[in-house]
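As provided, coords-v6.txt (compact mmCIF, C-alpha atoms) reads as follows.
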```
# COMPACT_ATOMS: atom_id res chain seq x y z
CA MET A 1 -37.10 31.85 38.80
CA HIS A 2 -36.62 32.78 35.16
CA ASP A 3 -36.26 36.35 33.96
CA PRO A 4 -38.75 36.76 31.06
CA THR A 5 -36.68 39.51 29.42
CA ARG A 6 -33.55 37.35 29.42
CA ARG A 7 -35.59 34.47 27.93
CA ASP A 8 -37.13 36.71 25.22
CA ILE A 9 -33.75 38.10 24.16
CA LEU A 10 -32.18 34.64 23.94
CA ALA A 11 -35.20 33.20 22.12
CA ALA A 12 -35.13 36.02 19.57
CA GLY A 13 -31.42 35.43 18.96
CA ALA A 14 -31.93 31.70 18.53
CA MET A 15 -34.81 32.26 16.11
CA ALA A 16 -32.84 34.82 14.08
CA THR A 17 -29.95 32.37 13.80
CA ALA A 18 -32.29 29.57 12.74
CA LEU A 19 -34.02 31.70 10.10
CA ALA A 20 -30.72 32.96 8.72
CA THR A 21 -29.50 29.42 8.14
CA THR A 22 -32.58 27.61 6.88
CA PRO A 23 -31.15 26.69 3.43
CA PRO A 24 -27.95 25.05 4.77
CA LEU A 25 -29.94 23.30 7.51
CA PHE A 26 -30.84 20.49 5.14
CA ALA A 27 -27.84 20.72 2.86
CA GLN A 28 -24.98 20.02 5.25
CA GLN A 29 -24.22 18.02 8.33
CA THR A 30 -21.51 18.89 10.81
CA GLY A 31 -19.55 16.17 12.55
CA GLN A 32 -18.91 16.36 16.29
CA GLY A 33 -15.37 17.27 17.22
CA GLY A 34 -13.63 18.56 20.28
CA THR A 35 -12.83 16.99 23.57
CA GLY A 36 -14.69 15.66 26.58
CA GLY A 37 -17.11 18.22 27.76
CA ARG A 38 -19.75 18.06 30.43
CA PHE A 39 -23.46 17.49 30.53
CA TYR A 40 -26.41 19.37 31.99
CA GLU A 41 -29.38 17.07 32.53
CA LYS A 42 -33.01 17.83 33.29
CA GLY A 43 -35.44 14.95 33.02
CA PRO A 44 -35.00 13.27 29.63
CA VAL A 45 -32.93 16.20 28.30
CA ARG A 46 -29.14 15.89 28.20
CA ILE A 47 -27.13 18.89 26.97
CA HIS A 48 -23.45 18.55 26.11
CA TYR A 49 -21.51 21.74 26.88
CA GLU A 50 -17.94 22.92 27.24
CA GLU A 51 -16.17 25.96 28.67
CA ALA A 52 -12.94 27.78 27.89
CA GLY A 53 -11.24 30.86 29.27
CA SER A 54 -12.09 33.15 32.14
CA GLY A 55 -13.70 36.53 32.67
CA PHE A 56 -17.25 37.72 32.08
CA PRO A 57 -19.45 34.84 30.80
CA LEU A 58 -20.08 34.68 27.05
CA LEU A 59 -22.56 32.13 25.72
CA LEU A 60 -21.52 31.17 22.18
CA ILE A 61 -24.25 29.68 19.98
CA ALA A 62 -23.21 28.05 16.73
CA GLY A 63 -25.32 28.89 13.70
CA GLY A 64 -26.90 26.26 11.54
CA GLY A 65 -30.20 25.47 13.25
CA LEU A 66 -30.21 21.72 13.73
CA ASN A 67 -26.55 21.65 12.70
CA SER A 68 -25.66 23.87 15.70
CA THR A 69 -22.84 21.98 17.41
CA ILE A 70 -19.65 22.75 19.26
CA SER A 71 -17.67 21.59 16.24
CA GLY A 72 -19.55 24.19 14.19
CA LEU A 73 -17.93 26.87 16.33
CA THR A 74 -14.46 25.43 16.01
CA SER A 75 -14.46 24.50 12.35
CA GLY A 76 -17.61 25.77 10.62
CA SER A 77 -17.11 29.51 11.10
CA PRO A 78 -14.89 32.02 9.34
CA PHE A 79 -12.95 32.16 12.63
CA ASN A 80 -12.94 30.16 15.86
CA PRO A 81 -14.78 32.34 18.41
CA ILE A 82 -13.64 30.15 21.29
CA GLU A 83 -9.97 30.77 20.52
CA GLU A 84 -10.67 34.43 19.77
CA PHE A 85 -12.56 35.23 22.99
CA LYS A 86 -11.30 32.82 25.66
CA GLY A 87 -8.46 35.16 26.62
CA GLU A 88 -10.94 37.79 27.72
CA TYR A 89 -14.20 35.91 28.46
CA ARG A 90 -15.45 32.73 30.08
CA CYS A 91 -16.82 31.08 26.93
CA ILE A 92 -19.65 28.57 27.33
CA PHE A 93 -20.85 26.63 24.30
CA ALA A 94 -23.13 23.63 23.74
CA ASP A 95 -24.60 21.35 21.13
CA LEU A 96 -28.20 22.26 20.33
CA ARG A 97 -30.63 19.55 21.45
CA ASN A 98 -30.91 16.93 18.68
CA ALA A 99 -28.41 18.73 16.41
CA ASN A 100 -27.00 16.55 13.64
CA GLY A 101 -23.68 15.18 14.84
CA GLY A 102 -24.04 16.63 18.35
CA GLN A 103 -24.09 14.91 21.73
CA SER A 104 -27.15 16.66 23.19
CA SER A 105 -30.47 14.84 23.18
CA GLY A 106 -34.02 14.97 24.41
CA PRO A 107 -37.57 15.26 23.18
CA LEU A 108 -38.86 18.57 21.79
CA GLU A 109 -42.33 19.88 22.46
CA ILE A 110 -43.95 20.19 19.04
CA ASP A 111 -45.61 23.51 19.86
CA ARG A 112 -42.48 25.18 21.28
CA PRO A 113 -39.28 23.69 19.83
CA TRP A 114 -37.24 26.93 19.83
CA ASP A 115 -38.42 27.73 23.35
CA ALA A 116 -37.08 24.31 24.38
CA HIS A 117 -33.67 25.22 22.97
CA THR A 118 -33.80 28.48 24.92
CA ASP A 119 -34.71 26.49 28.04
CA ASP A 120 -31.61 24.36 27.44
CA GLN A 121 -29.28 27.33 27.04
CA LEU A 122 -30.65 29.06 30.12
CA GLY A 123 -30.57 25.74 31.99
CA VAL A 124 -26.85 25.34 31.29
CA MET A 125 -26.18 28.88 32.50
CA ASP A 126 -28.28 28.35 35.64
CA HIS A 127 -26.52 25.01 36.22
CA LEU A 128 -23.20 26.88 36.12
CA GLY A 129 -24.53 29.52 38.53
CA ILE A 130 -24.34 32.26 35.89
CA ASP A 131 -27.01 34.94 36.21
CA LYS A 132 -25.70 37.61 33.82
CA PHE A 133 -23.93 36.92 30.57
CA MET A 134 -23.49 38.03 26.97
CA VAL A 135 -24.55 36.00 23.94
CA ALA A 136 -22.78 35.79 20.60
CA SER A 137 -23.95 33.86 17.58
CA ALA A 138 -23.29 34.11 13.89
CA SER A 139 -24.21 32.23 10.80
CA VAL A 140 -22.46 32.21 7.51
CA ALA A 141 -24.48 30.51 4.83
CA PRO A 142 -22.43 28.87 2.09
CA SER A 143 -22.98 30.16 -1.43
CA SER A 144 -25.92 28.52 -3.15
CA GLY A 145 -24.39 28.99 -6.56
CA ILE A 146 -27.45 30.99 -7.61
CA SER A 147 -26.75 34.43 -9.05
```

Rewrite the coordinates I just gave you, this time as structure tokens.
Amino acid sequence: MHDPTRRDILAAGAMATALATTPPLFAQQTGQGGTGGRFYEKGPVRIHYEEAGSGFPLLLIAGGGLNSTISGLTSGSPFNPIEEFKGEYRCIFADLRNANGGQSSGPLEIDRPWDAHTDDQLGVMDHLGIDKFMVASASVAPSSGIS
């Protein structure tokens, strides 16, 4: 059973991140880095995720819309949130489905693409047996050169 409040909060966060990064979405691609990882699968959907640290669960979502990958957290941010928070939290992070350079894949429903991403994030957390968790996401758009 899915908690509609939990879904709404996560969906709003995902949408805010996507809207905040629309210009760089088409301007840059992020390569996949990191090690191994695991996969959550549901039907034709395959989500690549990793974990680090221990403590209260913290879902880290990389900014960048369709450039939202694990490598974006480790090298595309002003700081590496995994390294920063893994000493205090159980950090869970994943490639967004169909993100450029990511390892997650699966079809998106044309009428609910961001809901599908929310389904994926909640699916990973359910797969891990995590019912309550915090979410952190940030986006830093590179300068456009326009003044």

Closest to A:Leu73 among A:Leu108, A:Ala116, A:Arg97, A:Ala136, using only C-alpha atoms?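 Checking each candidate against A:Leu73, we get A:Ala136 as the closest.
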
Residue with smallest distance to A:Arg38 - pool A:Gln103, A:Thr74, A:Phe85, A:Gly53, counting all atoms listed in the file: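 For A:Arg38, the nearest of the given residues is A:Gln103.
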
Which residue is closest to A:Val124? Choose from A:Gly102, A:Glu83, A:Ser137, A:Leu96 and count only C-alpha atoms.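 Closest candidate: A:Leu96.
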